[in-house]
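This is entry-v2.cif (mmCIF, C-alpha atoms).
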```cif
data_protein
#
loop_
_atom_site.label_atom_id
_atom_site.label_comp_id
_atom_site.auth_asym_id
_atom_site.auth_seq_id
_atom_site.Cartn_x
_atom_site.Cartn_y
_atom_site.Cartn_z
CA TYR A 1 -48.08 18.24 13.05
CA ARG A 2 -47.08 15.70 10.40
CA GLN A 3 -47.95 14.90 6.82
CA ALA A 4 -47.37 11.38 5.49
CA SER A 5 -45.76 12.50 2.23
CA TRP A 6 -42.80 14.15 3.97
CA ASN A 7 -42.74 12.66 7.49
CA TYR A 8 -42.89 8.93 6.72
CA PRO A 9 -42.51 8.46 2.98
CA VAL A 10 -42.14 5.06 1.36
CA GLY A 11 -38.60 4.06 0.43
CA TYR A 12 -35.41 2.37 1.53
CA THR A 13 -34.53 2.45 5.21
CA ASN A 14 -30.97 2.55 6.60
CA GLY A 15 -30.62 -1.23 6.91
CA ASP A 16 -31.81 -2.01 3.37
CA GLN A 17 -29.23 -3.48 1.06
CA ARG A 18 -30.30 -4.44 -2.42
CA HIS A 19 -27.56 -6.87 -3.44
CA LYS A 20 -25.12 -9.09 -1.62
CA VAL A 21 -23.36 -11.59 -3.89
CA ARG A 22 -20.83 -14.27 -2.90
CA VAL A 23 -19.07 -16.57 -5.37
CA TRP A 24 -16.65 -19.07 -3.91
CA GLY A 25 -14.78 -22.21 -4.70
CA THR A 26 -12.35 -24.64 -3.12
CA TRP A 27 -9.78 -26.78 -4.92
CA GLN A 28 -8.53 -29.88 -3.16
CA MET A 29 -4.95 -30.08 -4.40
CA PRO A 30 -3.61 -33.53 -5.29
CA THR A 31 -1.00 -34.37 -2.64
CA PRO A 32 0.45 -37.68 -1.43
CA LYS A 33 -1.53 -39.00 1.56
CA VAL A 34 1.59 -38.92 3.76
CA LEU A 35 1.71 -35.09 3.35
CA GLY A 36 -1.96 -34.62 4.31
CA GLN A 37 -4.63 -32.62 2.50
CA LEU A 38 -4.07 -29.21 0.97
CA ALA A 39 -6.92 -26.98 -0.21
CA LEU A 40 -6.98 -23.55 -1.87
CA GLY A 41 -10.04 -21.37 -1.43
CA PHE A 42 -11.33 -18.29 -3.23
CA MET A 43 -14.21 -15.92 -2.52
CA GLN A 44 -15.37 -12.94 -4.58
CA ARG A 45 -17.83 -10.61 -2.86
CA TYR A 46 -19.99 -7.76 -4.08
CA ASP A 47 -22.12 -5.59 -1.79
CA SER A 48 -24.33 -2.86 -3.17
CA GLY A 49 -24.28 0.41 -1.29
CA GLY A 50 -26.77 1.29 1.40
CA PRO A 51 -29.32 4.10 1.10
CA TYR A 52 -29.28 7.63 2.49
CA ASP A 53 -31.45 10.70 2.06
CA TYR A 54 -31.80 14.34 3.03
CA ASN A 55 -33.86 14.59 6.21
CA PHE A 56 -33.92 17.06 9.07
CA SER A 57 -36.08 18.25 11.94
CA VAL A 58 -38.65 21.01 11.46
CA ASP A 59 -40.86 22.86 13.93
CA THR A 60 -44.39 22.65 12.53
CA ARG A 61 -46.13 24.37 15.50
CA PRO A 62 -46.36 27.80 13.80
CA TYR A 63 -48.30 26.21 10.90
CA VAL A 64 -50.76 24.05 12.88
CA THR A 65 -53.73 25.01 15.02
CA ASN A 66 -53.22 23.14 18.28
CA PRO A 67 -56.14 20.70 18.68
CA GLY A 68 -55.68 20.76 22.47
CA TYR A 69 -52.32 19.12 23.17
CA LEU A 70 -50.76 20.30 26.43
CA VAL A 71 -47.30 19.82 24.89
CA PRO A 72 -47.36 19.66 21.09
CA PRO A 73 -44.29 18.15 19.37
CA SER A 74 -41.58 20.77 19.01
CA SER A 75 -39.99 19.07 16.01
CA VAL A 76 -40.76 16.35 13.51
CA THR A 77 -38.65 14.72 10.79
CA TYR A 78 -38.94 16.17 7.30
CA TYR A 79 -37.67 14.14 4.31
CA ALA A 80 -36.60 16.67 1.67
CA THR A 81 -35.88 13.77 -0.70
CA GLY A 82 -37.43 10.35 -1.00
CA ARG A 83 -36.52 7.97 1.84
CA GLY A 84 -33.26 6.30 0.81
CA GLU A 85 -33.22 8.14 -2.52
CA PHE A 86 -29.42 8.09 -2.78
CA HIS A 87 -27.05 5.15 -2.39
CA PHE A 88 -23.45 4.78 -1.28
CA PRO A 89 -21.23 3.10 -3.88
CA GLY A 90 -21.13 -0.69 -4.02
CA PHE A 91 -17.85 -2.49 -3.46
CA TYR A 92 -15.98 -5.67 -4.40
CA ARG A 93 -13.64 -7.77 -2.30
CA THR A 94 -11.51 -10.83 -3.12
CA ASP A 95 -10.42 -13.27 -0.39
CA LEU A 96 -8.01 -16.23 -0.65
CA SER A 97 -7.36 -19.10 1.76
CA LEU A 98 -5.01 -22.05 2.15
CA SER A 99 -5.86 -24.98 4.39
CA TRP A 100 -3.67 -27.95 5.34
CA ASN A 101 -4.76 -30.98 7.41
CA ARG A 102 -2.82 -34.12 8.31
CA LYS A 103 -4.04 -37.09 10.31
CA VAL A 104 -1.66 -38.05 13.12
CA VAL A 105 -3.41 -40.65 15.32
CA GLY A 106 -6.96 -42.03 14.92
CA ASN A 107 -9.16 -39.06 14.01
CA ALA A 108 -6.74 -36.50 15.46
CA GLN A 109 -5.34 -33.99 12.96
CA LEU A 110 -2.80 -31.23 12.78
CA PHE A 111 -4.08 -28.24 10.82
CA LEU A 112 -2.97 -24.92 9.42
CA ARG A 113 -5.27 -22.34 7.85
CA ALA A 114 -4.18 -19.05 6.33
CA VAL A 115 -6.62 -16.42 5.01
CA LEU A 116 -5.90 -13.23 3.08
CA ASN A 117 -8.94 -10.91 3.01
CA ASN A 118 -9.33 -8.03 0.52
CA VAL A 119 -6.39 -9.14 -1.62
CA ARG A 120 -6.42 -5.96 -3.74
CA ASN A 121 -6.72 -3.76 -0.60
CA THR A 122 -9.56 -1.67 -2.03
CA HIS A 123 -10.77 1.19 0.20
CA THR A 124 -14.28 2.03 -0.99
CA LEU A 125 -16.16 4.55 1.15
CA THR A 126 -19.28 2.63 2.27
CA SER A 127 -20.86 5.31 4.49
CA PHE A 128 -20.26 8.94 5.36
CA ASN A 129 -21.61 11.88 7.28
CA THR A 130 -25.10 12.78 6.02
CA THR A 131 -25.84 15.64 8.43
CA ILE A 132 -28.31 18.23 7.17
CA SER A 133 -28.66 21.60 8.92
CA THR A 134 -31.40 24.23 8.98
CA SER A 135 -29.48 26.59 11.28
CA GLY A 136 -29.38 30.10 9.82
CA MET A 137 -31.59 29.08 6.88
CA THR A 138 -34.96 30.53 5.82
CA SER A 139 -37.95 28.89 7.50
CA PHE A 140 -40.65 27.31 5.34
CA ASN A 141 -44.16 25.97 5.82
CA PRO A 142 -43.76 22.20 5.35
CA PHE A 143 -47.48 21.81 4.55
CA THR A 144 -47.45 24.21 1.59
CA THR A 145 -43.83 24.67 0.48
CA ALA A 146 -41.13 22.27 -0.66
CA PRO A 147 -37.76 23.17 0.91
CA VAL A 148 -34.88 24.22 -1.32
CA LEU A 149 -31.27 23.13 -0.77
CA ASP A 150 -29.07 26.08 0.31
CA THR A 151 -32.15 28.21 1.01
CA ASN A 152 -34.15 26.23 3.60
CA PHE A 153 -31.58 23.57 4.45
CA LYS A 154 -27.93 22.88 3.76
CA LYS A 155 -25.52 20.00 3.92
CA GLY A 156 -23.47 20.00 7.12
CA PRO A 157 -19.79 21.01 6.95
CA ASP A 158 -18.71 17.35 7.14
CA PHE A 159 -21.33 16.01 4.72
CA GLY A 160 -19.76 13.39 2.45
CA LYS A 161 -16.75 12.79 4.71
CA ALA A 162 -15.94 9.53 6.45
CA THR A 163 -17.00 9.50 10.11
CA SER A 164 -14.64 6.73 11.27
CA PRO A 165 -12.38 3.96 9.92
CA SER A 166 -15.49 1.75 9.70
CA SER A 167 -16.83 4.13 7.00
CA TYR A 168 -14.61 2.22 4.57
CA GLN A 169 -14.77 -1.42 3.58
CA SER A 170 -12.49 -3.67 5.64
CA PRO A 171 -8.82 -3.25 4.67
CA ARG A 172 -6.52 -6.06 3.65
CA ASP A 173 -5.82 -8.41 6.53
CA PHE A 174 -4.12 -11.73 7.04
CA ASN A 175 -4.82 -14.33 9.68
CA ILE A 176 -3.40 -17.73 10.39
CA SER A 177 -4.61 -20.58 12.60
CA VAL A 178 -2.53 -23.56 13.65
CA GLY A 179 -3.71 -26.33 15.91
CA PHE A 180 -4.58 -29.87 16.82
CA ARG A 181 -8.09 -31.30 16.25
CA PHE A 182 -9.47 -34.46 17.76
#
```
Would you write the structure of this file as structure tokens?
Amino acid sequence: YRQASWNYPVGYTNGDQRHKVRVWGTWQMPTPKVLGQLALGFMQRYDSGGPYDYNFSVDTRPYVTNPGYLVPPSSVTYYATGRGEFHFPGFYRTDLSLSWNRKVVGNAQLFLRAVLNNVRNTHTLTSFNTTISTSGMTSFNPFTTAPVLDTNFKKGPDFGKATSPSSYQSPRDFNISVGFRF
């Protein structure tokens, strides 16, 4: 009911990510001791896009002589392309931070930390709908015939569209923390 070449091909799986780069630095600003410590931080990120492919379910029962199964599998996964053959675009993000600390008594400190993530507010699409449909398409024998896009399978009506706000990289955000450490 399955053939290795199209049912479990070698390739990237959904969780595979080829590159994840982080470059960061912190600059301790020269300030008088009475004012406390002030530090500026910077982080540049790059994440390569994750993989996707064209796969769909096929019913292989008409093309296989049942070897005696009481209930043979009604559908199996068919990879029309290599596993993870395509990749979503990679994306960059720049983050900045400001941190202030001042000793008050003993080891106790007042602190303030402000962080601005995704300074340039880039909105790269990092995932999208990859639904493939065989409904209304011409059947094919998966053991002897390679399927053809728009003949044996088609991209779903929402293919290539974002599925939720999390389909995009995180938007610009700002957070601030103020407190007392001891």
Task: From A:Ser166, A:Ser5, A:Asn107, A:Ser97, residue lying nearest Thr144 (chain A) [all atoms listed in the file] - done: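 Checking each of A:Ser166, A:Ser5, A:Asn107, A:Ser97 against Thr144 (chain A), counting all atoms listed in the file, the winner is A:Ser5.
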TODO: List the neighbours of region 10-26 of chain A out to 7 Å using only C-alpha atoms; skip same-chain residues closer than 5 positions along the sequence, and give me the result as a ChimeraX atom specification.
DONE: /A:39-52,82-84
- [ ] Please evaluate the PyMOL selection byres ((chain A and resi 116) around 9) against the structure above and give the resulting residues as a PyMOL selection string.
- [x] chain A and resi 94-98+114-115+117-119+172-176
- [ ] Would you please work out which residue, of A:Thr77, A:Thr124, A:Asn55, A:Thr134, is nearest to Phe153 (chain A) when using all atoms listed in the file?
- [x] A:Thr134
Open item on the list: Here is a test: counting all atoms listed in the file, which residue of A:Ser177, A:Asn152, A:Gly160, A:Thr60 is nearest to Gly136 (chain A)?
Closed with: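 Using all atoms listed in the file, Gly136 (chain A) sits closest to A:Asn152.
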Task: Polymer residues at most 10 Å from Leu125 (chain A), only C-alpha atoms, same-chain spacing of 4 or more positions, as a list in words - done: Gly49, Phe88, Pro89, Gly90, Phe91, Gly160, Lys161, Ala162, Pro165, Ser166, Ser167, Tyr168 and Gln169 of chain A
Atoms to include: C-alpha atoms. Write the selected residues as an mmCIF file, in the coordinates of the input.
```cif
data_model
loop_
_atom_site.group_PDB
_atom_site.id
_atom_site.type_symbol
_atom_site.label_atom_id
_atom_site.label_comp_id
_atom_site.auth_asym_id
_atom_site.auth_seq_id
_atom_site.Cartn_x
_atom_site.Cartn_y
_atom_site.Cartn_z
ATOM 1 C CA GLY A 49 -24.280 0.410 -1.290
ATOM 2 C CA PHE A 88 -23.450 4.780 -1.280
ATOM 3 C CA PRO A 89 -21.230 3.100 -3.880
ATOM 4 C CA GLY A 90 -21.130 -0.690 -4.020
ATOM 5 C CA PHE A 91 -17.850 -2.490 -3.460
ATOM 6 C CA GLY A 160 -19.760 13.390 2.450
ATOM 7 C CA LYS A 161 -16.750 12.790 4.710
ATOM 8 C CA ALA A 162 -15.940 9.530 6.450
ATOM 9 C CA PRO A 165 -12.380 3.960 9.920
ATOM 10 C CA SER A 166 -15.490 1.750 9.700
ATOM 11 C CA SER A 167 -16.830 4.130 7.000
ATOM 12 C CA TYR A 168 -14.610 2.220 4.570
ATOM 13 C CA GLN A 169 -14.770 -1.420 3.580
#
```
TODO: Choose the residue, out of A:Arg2, A:Lys155, A:Arg93, A:Arg181, that has the smallest atom-to-atom separation from Val76 (chain A); count all atoms listed in the file.
DONE: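 Closest to Val76 (chain A), using all atoms listed in the file: A:Arg2.
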Task: Distance of CA of Glu85 (chain A) from CA of Ser164 (chain A), expressed in Å to one decimal place - done: 23.2 Å
- [ ] Step by step, work through what the PyMOL selection byres ((chain A and resi 159) around 8) selects in the shown file, and finish by giving those residues as a PyMOL selection string.
- [x] chain A and resi 128-132+155-158+160-161
- [ ] Quote the spacing between CA of Asn141 (chain A) and CA of Val71 (chain A) in Å to one decimal place.
- [x]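 Going from CA of Asn141 (chain A) over to CA of Val71 (chain A), I get 20.3 Å.
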TODO: Compile the contact shell of Val178 (chain A) as a list in words: residues with an atom at most 12 Å away, counting only C-alpha atoms, same-chain residues fewer than 4 positions apart removed.
DONE: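 Near Val178 (chain A), the qualifying residues are Leu98, Ser99, Trp100, Asn101, Arg102, Gln109, Leu110, Phe111, Leu112, Arg113, Ala114 and Val115 of chain A.
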Keeping only C-alpha atoms, write the selected residues to a file as a PDB file, in the frame of the given file.
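What follows is the written file part30.pdb:
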```pdb
ATOM      1  CA  LEU A  98      -5.010 -22.050   2.150  1.00  0.00           C
ATOM      2  CA  SER A  99      -5.860 -24.980   4.390  1.00  0.00           C
ATOM      3  CA  TRP A 100      -3.670 -27.950   5.340  1.00  0.00           C
ATOM      4  CA  ASN A 101      -4.760 -30.980   7.410  1.00  0.00           C
ATOM      5  CA  ARG A 102      -2.820 -34.120   8.310  1.00  0.00           C
ATOM      6  CA  GLN A 109      -5.340 -33.990  12.960  1.00  0.00           C
ATOM      7  CA  LEU A 110      -2.800 -31.230  12.780  1.00  0.00           C
ATOM      8  CA  PHE A 111      -4.080 -28.240  10.820  1.00  0.00           C
ATOM      9  CA  LEU A 112      -2.970 -24.920   9.420  1.00  0.00           C
ATOM     10  CA  ARG A 113      -5.270 -22.340   7.850  1.00  0.00           C
ATOM     11  CA  ALA A 114      -4.180 -19.050   6.330  1.00  0.00           C
ATOM     12  CA  VAL A 115      -6.620 -16.420   5.010  1.00  0.00           C
TER      13      VAL A 115
END
```
Task: Nearest to Thr81 (chain A), chosen from A:Gly179, A:Pro171, A:Pro32, A:Pro147, with all atoms listed in the file counted in the distances - done: A:Pro147
- [ ] Determine the nearest neighbour of Val34 (chain A) from the options A:Ala4, A:Val64, A:Val58, A:Val104, counting all atoms listed in the file.
- [x]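 Under the stated criterion, the closest residue is A:Val104.
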Open item on the list: So the first atom is CA of Asp150 (chain A) and the second is CA of Asp59 (chain A); what is the distance between them in Å, to one decimal place?
Closed with: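 Going from CA of Asp150 (chain A) over to CA of Asp59 (chain A) covers 18.3 Å.
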- [ ] Check what the PyMOL selection byres ((chain A and resi 62) around 12) selects in the file above and give those residues as a PyMOL selection string.
- [x] chain A and resi 1+58-61+63-66+72-75+139-143
